[in-house]
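Source file structure10.cif; content: mmCIF, N, CA and C atoms.
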```
data_work
loop_
_atom_site.label_atom_id
_atom_site.label_comp_id
_atom_site.auth_asym_id
_atom_site.auth_seq_id
_atom_site.Cartn_x
_atom_site.Cartn_y
_atom_site.Cartn_z
N MET M 1 2.35 -13.97 -0.17
CA MET M 1 1.61 -12.80 -0.58
C MET M 1 2.43 -12.05 -1.62
N THR M 2 1.82 -11.74 -2.72
CA THR M 2 2.51 -11.00 -3.76
C THR M 2 2.21 -9.53 -3.63
N ALA M 3 2.98 -8.73 -4.32
CA ALA M 3 2.78 -7.28 -4.24
C ALA M 3 1.38 -6.91 -4.70
N GLY M 4 0.90 -7.52 -5.76
CA GLY M 4 -0.43 -7.20 -6.26
C GLY M 4 -1.52 -7.50 -5.25
N GLU M 5 -1.37 -8.62 -4.52
CA GLU M 5 -2.35 -8.96 -3.50
C GLU M 5 -2.25 -8.01 -2.33
N SER M 6 -1.05 -7.66 -1.96
CA SER M 6 -0.85 -6.82 -0.80
C SER M 6 -1.36 -5.39 -1.03
N PHE M 7 -1.08 -4.85 -2.22
CA PHE M 7 -1.40 -3.45 -2.46
C PHE M 7 -2.57 -3.24 -3.40
N GLY M 8 -3.17 -4.31 -3.90
CA GLY M 8 -4.27 -4.17 -4.82
C GLY M 8 -5.62 -4.26 -4.15
N ARG M 9 -5.64 -4.37 -2.82
CA ARG M 9 -6.91 -4.54 -2.13
C ARG M 9 -7.71 -3.24 -2.15
N LEU M 10 -8.99 -3.41 -2.04
CA LEU M 10 -9.87 -2.25 -1.99
C LEU M 10 -10.72 -2.38 -0.74
N ASP M 11 -10.33 -1.68 0.30
CA ASP M 11 -11.06 -1.71 1.56
C ASP M 11 -12.22 -0.73 1.50
N ASP M 12 -13.19 -0.94 2.37
CA ASP M 12 -14.36 -0.06 2.38
C ASP M 12 -13.99 1.40 2.57
N ASP M 13 -12.95 1.66 3.39
CA ASP M 13 -12.57 3.06 3.65
C ASP M 13 -11.73 3.65 2.53
N ASP M 14 -11.47 2.87 1.48
CA ASP M 14 -10.65 3.36 0.39
C ASP M 14 -11.45 4.05 -0.72
N TYR M 15 -12.75 4.06 -0.61
CA TYR M 15 -13.55 4.74 -1.61
C TYR M 15 -13.48 6.23 -1.36
N PRO M 16 -13.52 7.10 -2.30
CA PRO M 16 -13.60 6.76 -3.72
C PRO M 16 -12.23 6.43 -4.28
N ALA M 17 -12.21 5.82 -5.45
CA ALA M 17 -10.96 5.58 -6.15
C ALA M 17 -10.76 6.74 -7.12
N TYR M 18 -9.53 7.18 -7.25
CA TYR M 18 -9.23 8.36 -8.05
C TYR M 18 -8.66 7.99 -9.41
N THR M 19 -8.94 8.82 -10.40
CA THR M 19 -8.37 8.61 -11.72
C THR M 19 -6.86 8.80 -11.65
N MET M 20 -6.18 8.30 -12.67
CA MET M 20 -4.72 8.41 -12.69
C MET M 20 -4.28 9.88 -12.62
N GLY M 21 -4.94 10.73 -13.37
CA GLY M 21 -4.58 12.15 -13.36
C GLY M 21 -4.77 12.78 -11.99
N ARG M 22 -5.89 12.51 -11.37
CA ARG M 22 -6.17 13.07 -10.04
C ARG M 22 -5.22 12.47 -9.00
N ALA M 23 -4.95 11.17 -9.10
CA ALA M 23 -4.03 10.52 -8.17
C ALA M 23 -2.64 11.14 -8.27
N ALA M 24 -2.16 11.35 -9.49
CA ALA M 24 -0.85 11.95 -9.69
C ALA M 24 -0.82 13.37 -9.12
N GLU M 25 -1.89 14.11 -9.34
CA GLU M 25 -1.99 15.47 -8.81
C GLU M 25 -1.95 15.47 -7.29
N MET M 26 -2.67 14.53 -6.67
CA MET M 26 -2.70 14.45 -5.20
C MET M 26 -1.33 14.09 -4.63
N LEU M 27 -0.57 13.29 -5.37
CA LEU M 27 0.77 12.90 -4.92
C LEU M 27 1.83 13.93 -5.27
N GLY M 28 1.47 14.89 -6.10
CA GLY M 28 2.44 15.89 -6.55
C GLY M 28 3.47 15.27 -7.47
N THR M 29 3.04 14.33 -8.31
CA THR M 29 3.94 13.64 -9.21
C THR M 29 3.30 13.56 -10.60
N THR M 30 3.84 12.72 -11.43
CA THR M 30 3.33 12.59 -12.79
C THR M 30 2.61 11.26 -12.97
N GLN M 31 1.83 11.17 -14.04
CA GLN M 31 1.19 9.91 -14.36
C GLN M 31 2.24 8.86 -14.71
N GLY M 32 3.35 9.29 -15.27
CA GLY M 32 4.45 8.38 -15.59
C GLY M 32 4.99 7.69 -14.35
N PHE M 33 5.05 8.42 -13.24
CA PHE M 33 5.51 7.79 -11.99
C PHE M 33 4.54 6.70 -11.57
N LEU M 34 3.24 6.96 -11.65
CA LEU M 34 2.26 5.95 -11.28
C LEU M 34 2.35 4.73 -12.20
N ARG M 35 2.60 4.97 -13.48
CA ARG M 35 2.78 3.84 -14.40
C ARG M 35 4.00 3.02 -14.00
N ALA M 36 5.10 3.71 -13.66
CA ALA M 36 6.34 3.01 -13.27
C ALA M 36 6.13 2.20 -12.01
N VAL M 37 5.39 2.74 -11.05
CA VAL M 37 5.10 2.03 -9.82
C VAL M 37 4.25 0.79 -10.13
N GLY M 38 3.33 0.92 -11.07
CA GLY M 38 2.53 -0.22 -11.50
C GLY M 38 3.38 -1.27 -12.19
N GLU M 39 4.31 -0.83 -13.04
CA GLU M 39 5.19 -1.76 -13.74
C GLU M 39 6.11 -2.49 -12.76
N ALA M 40 6.46 -1.84 -11.66
CA ALA M 40 7.29 -2.48 -10.63
C ALA M 40 6.44 -3.38 -9.73
N ARG M 41 5.16 -3.46 -10.04
CA ARG M 41 4.19 -4.31 -9.32
C ARG M 41 4.01 -3.89 -7.87
N LEU M 42 4.19 -2.62 -7.59
CA LEU M 42 3.93 -2.14 -6.23
C LEU M 42 2.42 -2.02 -6.02
N ILE M 43 1.76 -1.41 -6.97
CA ILE M 43 0.30 -1.31 -6.89
C ILE M 43 -0.29 -1.70 -8.24
N THR M 44 -1.44 -2.30 -8.19
CA THR M 44 -2.17 -2.66 -9.41
C THR M 44 -3.39 -1.77 -9.45
N PRO M 45 -3.48 -0.89 -10.46
CA PRO M 45 -4.64 0.00 -10.51
C PRO M 45 -5.94 -0.79 -10.59
N LEU M 46 -6.94 -0.26 -9.95
CA LEU M 46 -8.28 -0.82 -10.06
C LEU M 46 -8.81 -0.36 -11.42
N ARG M 47 -9.81 -1.00 -11.93
CA ARG M 47 -10.37 -0.60 -13.22
C ARG M 47 -11.83 -0.21 -13.02
N SER M 48 -12.19 0.91 -13.63
CA SER M 48 -13.58 1.33 -13.59
C SER M 48 -14.34 0.56 -14.67
N GLU M 49 -15.64 0.75 -14.72
CA GLU M 49 -16.44 0.06 -15.73
C GLU M 49 -15.97 0.40 -17.14
N GLY M 50 -15.48 1.58 -17.34
CA GLY M 50 -14.99 1.99 -18.65
C GLY M 50 -13.57 1.53 -18.92
N GLY M 51 -12.96 0.83 -17.98
CA GLY M 51 -11.61 0.33 -18.16
C GLY M 51 -10.51 1.31 -17.76
N HIS M 52 -10.90 2.45 -17.19
CA HIS M 52 -9.91 3.45 -16.79
C HIS M 52 -9.23 3.04 -15.49
N ARG M 53 -7.95 3.38 -15.38
CA ARG M 53 -7.21 3.11 -14.15
C ARG M 53 -7.75 3.99 -13.02
N ARG M 54 -7.89 3.38 -11.84
CA ARG M 54 -8.33 4.11 -10.67
C ARG M 54 -7.48 3.66 -9.50
N TYR M 55 -7.24 4.57 -8.57
CA TYR M 55 -6.37 4.29 -7.42
C TYR M 55 -7.12 4.59 -6.14
N SER M 56 -7.03 3.68 -5.18
CA SER M 56 -7.68 3.86 -3.88
C SER M 56 -6.78 4.73 -3.00
N ARG M 57 -7.33 5.18 -1.89
CA ARG M 57 -6.53 5.97 -0.94
C ARG M 57 -5.36 5.14 -0.41
N TYR M 58 -5.62 3.87 -0.15
CA TYR M 58 -4.57 2.98 0.33
C TYR M 58 -3.42 2.91 -0.68
N GLN M 59 -3.76 2.76 -1.94
CA GLN M 59 -2.73 2.70 -2.98
C GLN M 59 -1.97 4.02 -3.07
N LEU M 60 -2.65 5.12 -2.86
CA LEU M 60 -1.98 6.43 -2.88
C LEU M 60 -1.00 6.55 -1.72
N ARG M 61 -1.36 6.03 -0.55
CA ARG M 61 -0.42 6.07 0.58
C ARG M 61 0.84 5.26 0.26
N ILE M 62 0.67 4.10 -0.36
CA ILE M 62 1.79 3.26 -0.73
C ILE M 62 2.65 3.96 -1.77
N ALA M 63 2.02 4.53 -2.79
CA ALA M 63 2.76 5.23 -3.84
C ALA M 63 3.49 6.46 -3.27
N ALA M 64 2.88 7.12 -2.30
CA ALA M 64 3.52 8.29 -1.68
C ALA M 64 4.80 7.89 -0.96
N ARG M 65 4.77 6.74 -0.28
CA ARG M 65 5.98 6.26 0.40
C ARG M 65 7.08 5.95 -0.61
N ALA M 66 6.70 5.31 -1.72
CA ALA M 66 7.68 5.03 -2.78
C ALA M 66 8.24 6.34 -3.34
N ARG M 67 7.37 7.33 -3.49
CA ARG M 67 7.80 8.63 -4.02
C ARG M 67 8.84 9.27 -3.09
N GLU M 68 8.63 9.15 -1.77
CA GLU M 68 9.61 9.69 -0.80
C GLU M 68 10.97 9.06 -1.02
N LEU M 69 11.00 7.75 -1.17
CA LEU M 69 12.27 7.05 -1.37
C LEU M 69 12.93 7.44 -2.68
N VAL M 70 12.14 7.55 -3.73
CA VAL M 70 12.68 7.95 -5.04
C VAL M 70 13.25 9.36 -4.96
N ASP M 71 12.54 10.24 -4.26
CA ASP M 71 13.02 11.63 -4.10
C ASP M 71 14.34 11.68 -3.33
N GLN M 72 14.61 10.66 -2.50
CA GLN M 72 15.86 10.59 -1.73
C GLN M 72 16.96 9.92 -2.54
N GLY M 73 16.66 9.54 -3.78
CA GLY M 73 17.68 8.97 -4.66
C GLY M 73 17.63 7.46 -4.82
N THR M 74 16.65 6.81 -4.25
CA THR M 74 16.51 5.36 -4.40
C THR M 74 15.92 5.05 -5.77
N PRO M 75 16.50 4.11 -6.53
CA PRO M 75 15.89 3.73 -7.81
C PRO M 75 14.47 3.20 -7.59
N ILE M 76 13.61 3.42 -8.56
CA ILE M 76 12.19 3.09 -8.38
C ILE M 76 11.95 1.62 -8.07
N GLU M 77 12.67 0.72 -8.73
CA GLU M 77 12.50 -0.71 -8.47
C GLU M 77 12.85 -1.03 -7.01
N ALA M 78 13.95 -0.47 -6.53
CA ALA M 78 14.37 -0.71 -5.14
C ALA M 78 13.38 -0.07 -4.17
N ALA M 79 12.89 1.12 -4.49
CA ALA M 79 11.92 1.80 -3.63
C ALA M 79 10.67 0.94 -3.49
N CYS M 80 10.22 0.36 -4.58
CA CYS M 80 9.03 -0.47 -4.54
C CYS M 80 9.26 -1.72 -3.68
N ARG M 81 10.43 -2.33 -3.82
CA ARG M 81 10.74 -3.50 -3.00
C ARG M 81 10.77 -3.13 -1.52
N ILE M 82 11.35 -1.99 -1.21
CA ILE M 82 11.43 -1.53 0.18
C ILE M 82 10.02 -1.34 0.75
N VAL M 83 9.15 -0.70 -0.01
CA VAL M 83 7.79 -0.44 0.46
C VAL M 83 7.04 -1.76 0.67
N ILE M 84 7.24 -2.73 -0.21
CA ILE M 84 6.61 -4.04 -0.05
C ILE M 84 7.09 -4.69 1.24
N LEU M 85 8.40 -4.66 1.50
CA LEU M 85 8.94 -5.26 2.72
C LEU M 85 8.45 -4.53 3.97
N GLU M 86 8.35 -3.21 3.89
CA GLU M 86 7.83 -2.45 5.03
C GLU M 86 6.39 -2.86 5.33
N ASP M 87 5.59 -3.05 4.27
CA ASP M 87 4.20 -3.44 4.45
C ASP M 87 4.11 -4.83 5.07
N GLN M 88 4.96 -5.75 4.61
CA GLN M 88 4.96 -7.10 5.17
C GLN M 88 5.40 -7.08 6.63
N LEU M 89 6.39 -6.27 6.97
CA LEU M 89 6.84 -6.16 8.36
C LEU M 89 5.72 -5.61 9.24
N GLU M 90 5.04 -4.57 8.75
CA GLU M 90 3.95 -3.98 9.51
C GLU M 90 2.85 -5.01 9.76
N GLU M 91 2.52 -5.80 8.74
CA GLU M 91 1.50 -6.84 8.88
C GLU M 91 1.95 -7.90 9.89
N ALA M 92 3.21 -8.31 9.83
CA ALA M 92 3.73 -9.31 10.77
C ALA M 92 3.69 -8.77 12.20
N GLN M 93 4.03 -7.52 12.39
CA GLN M 93 3.99 -6.92 13.72
C GLN M 93 2.56 -6.85 14.25
N ARG M 94 1.61 -6.54 13.37
CA ARG M 94 0.20 -6.49 13.77
C ARG M 94 -0.28 -7.87 14.21
N ILE M 95 0.06 -8.90 13.43
CA ILE M 95 -0.34 -10.26 13.77
C ILE M 95 0.29 -10.69 15.08
N ASN M 96 1.56 -10.37 15.28
CA ASN M 96 2.26 -10.72 16.52
C ASN M 96 1.58 -10.05 17.72
N ALA M 97 1.23 -8.79 17.57
CA ALA M 97 0.59 -8.07 18.67
C ALA M 97 -0.77 -8.68 18.99
N GLU M 98 -1.54 -9.05 17.96
CA GLU M 98 -2.83 -9.70 18.19
C GLU M 98 -2.65 -11.03 18.91
N TYR M 99 -1.67 -11.80 18.49
CA TYR M 99 -1.39 -13.10 19.12
C TYR M 99 -1.03 -12.90 20.59
N ARG M 100 -0.16 -11.95 20.87
CA ARG M 100 0.26 -11.71 22.25
C ARG M 100 -0.91 -11.26 23.12
N ARG M 101 -1.78 -10.40 22.58
CA ARG M 101 -2.96 -9.95 23.34
C ARG M 101 -3.88 -11.14 23.64
N ALA M 102 -4.10 -11.99 22.64
CA ALA M 102 -4.97 -13.15 22.83
C ALA M 102 -4.37 -14.11 23.85
N ALA M 103 -3.07 -14.34 23.77
CA ALA M 103 -2.40 -15.24 24.71
C ALA M 103 -2.45 -14.68 26.12
N ALA M 104 -2.28 -13.37 26.26
CA ALA M 104 -2.29 -12.75 27.57
C ALA M 104 -3.69 -12.83 28.20
N SER M 105 -4.73 -12.69 27.39
CA SER M 105 -6.09 -12.74 27.93
C SER M 105 -6.49 -14.17 28.30
N GLU M 106 -5.91 -15.16 27.63
CA GLU M 106 -6.22 -16.55 27.95
C GLU M 106 -5.45 -17.04 29.18
N ASN M 107 -4.28 -16.50 29.42
CA ASN M 107 -3.42 -16.93 30.51
C ASN M 107 -2.97 -15.75 31.36
N PRO M 108 -3.88 -15.13 32.07
CA PRO M 108 -3.48 -13.99 32.90
C PRO M 108 -2.55 -14.46 34.03
N THR M 109 -1.51 -13.69 34.24
CA THR M 109 -0.56 -14.02 35.31
C THR M 109 -1.07 -13.45 36.62
N THR M 110 -0.82 -14.14 37.67
CA THR M 110 -1.23 -13.65 39.00
C THR M 110 -0.01 -13.20 39.76
N ALA M 111 -0.10 -12.07 40.36
CA ALA M 111 1.01 -11.55 41.16
C ALA M 111 0.93 -12.19 42.54
N GLY M 112 2.06 -12.53 43.08
CA GLY M 112 1.94 -13.07 44.40
C GLY M 112 3.12 -13.74 44.82
#
```
Output the file's structure in the form of structure tokens.
Amino acid sequence: MTAGESFGRLDDDDYPAYTMGRAAEMLGTTQGFLRAVGEARLITPLRSEGGHRRYSRYQLRIAARARELVDQGTPIEAACRIVILEDQLEEAQRINAEYRRAAASENPTTAG
């Protein structure tokens, strides 16, 4: 899974997508930060019919986490890598939990 695939998805609950200016305003940052995050391949902006960059709520959550790390002094490239790894870990933990639940329901243990 690449960063673009991981963070470029558009889920049903991610509508509406926000313009770059509005997204930057919501994050309390600049459009330049969003461009840098895109260049680091953390998020790939969605495109509207007019070709304008748009960001989903999911992408804003990811960018906000990167912003936290950058504000703590982490270089932007490293912050983006950290956020990607955190996302992959969260996904792996979710899959593991689903597997364990399915295995437990198929093989219930009996006390006795």
Looking only at strand (DSSP E) from DSSP on the backbone, list the matching residues of chain M as a PyMOL selection string. chain M and resi 18-19+46-47+53-55
Between atom CA of Ile95 of chain M and atom C of Thr44 of chain M, what distance in Å does the model show, to one decimal? 24.9 Å
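Closest approach to Ser56 of chain M among M:Ala79, M:Ile84, M:Ala17, M:Ala36: M:Ala17, based on all atoms listed in the file.
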Could you write out as a ChimeraX atom specification the residues that the PyMOL selection byres (((chain M and resi 60 and name CA) around 10) and name CA) matches in the shown file? /M:7,14,17-18,23-24,26-27,34,43,55-59,61-66
Using N, CA and C atoms, can you write the selected residues to a file as a PDB file, in the frame of the given file?
```
ATOM      1  N   PHE M   7      -1.080  -4.850  -2.220  1.00  0.00           N
ATOM      2  CA  PHE M   7      -1.400  -3.450  -2.460  1.00  0.00           C
ATOM      3  C   PHE M   7      -2.570  -3.240  -3.400  1.00  0.00           C
ATOM      4  N   ASP M  14     -11.470   2.870   1.480  1.00  0.00           N
ATOM      5  CA  ASP M  14     -10.650   3.360   0.390  1.00  0.00           C
ATOM      6  C   ASP M  14     -11.450   4.050  -0.720  1.00  0.00           C
ATOM      7  N   ALA M  17     -12.210   5.820  -5.450  1.00  0.00           N
ATOM      8  CA  ALA M  17     -10.960   5.580  -6.150  1.00  0.00           C
ATOM      9  C   ALA M  17     -10.760   6.740  -7.120  1.00  0.00           C
ATOM     10  N   TYR M  18      -9.530   7.180  -7.250  1.00  0.00           N
ATOM     11  CA  TYR M  18      -9.230   8.360  -8.050  1.00  0.00           C
ATOM     12  C   TYR M  18      -8.660   7.990  -9.410  1.00  0.00           C
ATOM     13  N   ALA M  23      -4.950  11.170  -9.100  1.00  0.00           N
ATOM     14  CA  ALA M  23      -4.030  10.520  -8.170  1.00  0.00           C
ATOM     15  C   ALA M  23      -2.640  11.140  -8.270  1.00  0.00           C
ATOM     16  N   ALA M  24      -2.160  11.350  -9.490  1.00  0.00           N
ATOM     17  CA  ALA M  24      -0.850  11.950  -9.690  1.00  0.00           C
ATOM     18  C   ALA M  24      -0.820  13.370  -9.120  1.00  0.00           C
ATOM     19  N   MET M  26      -2.670  14.530  -6.670  1.00  0.00           N
ATOM     20  CA  MET M  26      -2.700  14.450  -5.200  1.00  0.00           C
ATOM     21  C   MET M  26      -1.330  14.090  -4.630  1.00  0.00           C
ATOM     22  N   LEU M  27      -0.570  13.290  -5.370  1.00  0.00           N
ATOM     23  CA  LEU M  27       0.770  12.900  -4.920  1.00  0.00           C
ATOM     24  C   LEU M  27       1.830  13.930  -5.270  1.00  0.00           C
ATOM     25  N   LEU M  34       3.240   6.960 -11.650  1.00  0.00           N
ATOM     26  CA  LEU M  34       2.260   5.950 -11.280  1.00  0.00           C
ATOM     27  C   LEU M  34       2.350   4.730 -12.200  1.00  0.00           C
ATOM     28  N   ILE M  43       1.760  -1.410  -6.970  1.00  0.00           N
ATOM     29  CA  ILE M  43       0.300  -1.310  -6.890  1.00  0.00           C
ATOM     30  C   ILE M  43      -0.290  -1.700  -8.240  1.00  0.00           C
ATOM     31  N   TYR M  55      -7.240   4.570  -8.570  1.00  0.00           N
ATOM     32  CA  TYR M  55      -6.370   4.290  -7.420  1.00  0.00           C
ATOM     33  C   TYR M  55      -7.120   4.590  -6.140  1.00  0.00           C
ATOM     34  N   SER M  56      -7.030   3.680  -5.180  1.00  0.00           N
ATOM     35  CA  SER M  56      -7.680   3.860  -3.880  1.00  0.00           C
ATOM     36  C   SER M  56      -6.780   4.730  -3.000  1.00  0.00           C
ATOM     37  N   ARG M  57      -7.330   5.180  -1.890  1.00  0.00           N
ATOM     38  CA  ARG M  57      -6.530   5.970  -0.940  1.00  0.00           C
ATOM     39  C   ARG M  57      -5.360   5.140  -0.410  1.00  0.00           C
ATOM     40  N   TYR M  58      -5.620   3.870  -0.150  1.00  0.00           N
ATOM     41  CA  TYR M  58      -4.570   2.980   0.330  1.00  0.00           C
ATOM     42  C   TYR M  58      -3.420   2.910  -0.680  1.00  0.00           C
ATOM     43  N   GLN M  59      -3.760   2.760  -1.940  1.00  0.00           N
ATOM     44  CA  GLN M  59      -2.730   2.700  -2.980  1.00  0.00           C
ATOM     45  C   GLN M  59      -1.970   4.020  -3.070  1.00  0.00           C
ATOM     46  N   ARG M  61      -1.360   6.030  -0.550  1.00  0.00           N
ATOM     47  CA  ARG M  61      -0.420   6.070   0.580  1.00  0.00           C
ATOM     48  C   ARG M  61       0.840   5.260   0.260  1.00  0.00           C
ATOM     49  N   ILE M  62       0.670   4.100  -0.360  1.00  0.00           N
ATOM     50  CA  ILE M  62       1.790   3.260  -0.730  1.00  0.00           C
ATOM     51  C   ILE M  62       2.650   3.960  -1.770  1.00  0.00           C
ATOM     52  N   ALA M  63       2.020   4.530  -2.790  1.00  0.00           N
ATOM     53  CA  ALA M  63       2.760   5.230  -3.840  1.00  0.00           C
ATOM     54  C   ALA M  63       3.490   6.460  -3.270  1.00  0.00           C
ATOM     55  N   ALA M  64       2.880   7.120  -2.300  1.00  0.00           N
ATOM     56  CA  ALA M  64       3.520   8.290  -1.680  1.00  0.00           C
ATOM     57  C   ALA M  64       4.800   7.890  -0.960  1.00  0.00           C
ATOM     58  N   ARG M  65       4.770   6.740  -0.280  1.00  0.00           N
ATOM     59  CA  ARG M  65       5.980   6.260   0.400  1.00  0.00           C
ATOM     60  C   ARG M  65       7.080   5.950  -0.610  1.00  0.00           C
ATOM     61  N   ALA M  66       6.700   5.310  -1.720  1.00  0.00           N
ATOM     62  CA  ALA M  66       7.680   5.030  -2.780  1.00  0.00           C
ATOM     63  C   ALA M  66       8.240   6.340  -3.340  1.00  0.00           C
TER      64      ALA M  66
END
```
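What separates atom C of His52 of chain M from atom C of Gly21 of chain M is a distance of 11.3 Å.
Of note, atom CA of Arg53 of chain M and atom CA of Gly38 of chain M are spaced 10.6 Å apart.
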Would you kindly identify which residues have an atom no farther than 7 Å from (4.6, -3.9, -6.4), using only C-alpha atoms and the file's own coordinates, and write them out as a short mmCIF file (atom, residue, chain, number, x, y, z; two decimals) with N, CA and C atoms, keeping the file's coordinate frame?
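The resulting file, selection-v9.cif, is shown below:
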```cif
data_model
loop_
_atom_site.label_atom_id
_atom_site.label_comp_id
_atom_site.auth_asym_id
_atom_site.auth_seq_id
_atom_site.Cartn_x
_atom_site.Cartn_y
_atom_site.Cartn_z
N ALA M 3 2.98 -8.73 -4.32
CA ALA M 3 2.78 -7.28 -4.24
C ALA M 3 1.38 -6.91 -4.70
N GLY M 4 0.90 -7.52 -5.76
CA GLY M 4 -0.43 -7.20 -6.26
C GLY M 4 -1.52 -7.50 -5.25
N VAL M 37 5.39 2.74 -11.05
CA VAL M 37 5.10 2.03 -9.82
C VAL M 37 4.25 0.79 -10.13
N GLY M 38 3.33 0.92 -11.07
CA GLY M 38 2.53 -0.22 -11.50
C GLY M 38 3.38 -1.27 -12.19
N ALA M 40 6.46 -1.84 -11.66
CA ALA M 40 7.29 -2.48 -10.63
C ALA M 40 6.44 -3.38 -9.73
N ARG M 41 5.16 -3.46 -10.04
CA ARG M 41 4.19 -4.31 -9.32
C ARG M 41 4.01 -3.89 -7.87
N LEU M 42 4.19 -2.62 -7.59
CA LEU M 42 3.93 -2.14 -6.23
C LEU M 42 2.42 -2.02 -6.02
N ILE M 43 1.76 -1.41 -6.97
CA ILE M 43 0.30 -1.31 -6.89
C ILE M 43 -0.29 -1.70 -8.24
N CYS M 80 10.22 0.36 -4.58
CA CYS M 80 9.03 -0.47 -4.54
C CYS M 80 9.26 -1.72 -3.68
N ILE M 84 7.24 -2.73 -0.21
CA ILE M 84 6.61 -4.04 -0.05
C ILE M 84 7.09 -4.69 1.24
#
```
As a PyMOL selection string, please: all residues of segment 39-106 of chain M that backbone DSSP puts in helix (DSSP H, G or I). chain M and resi 39+57-71+76-106
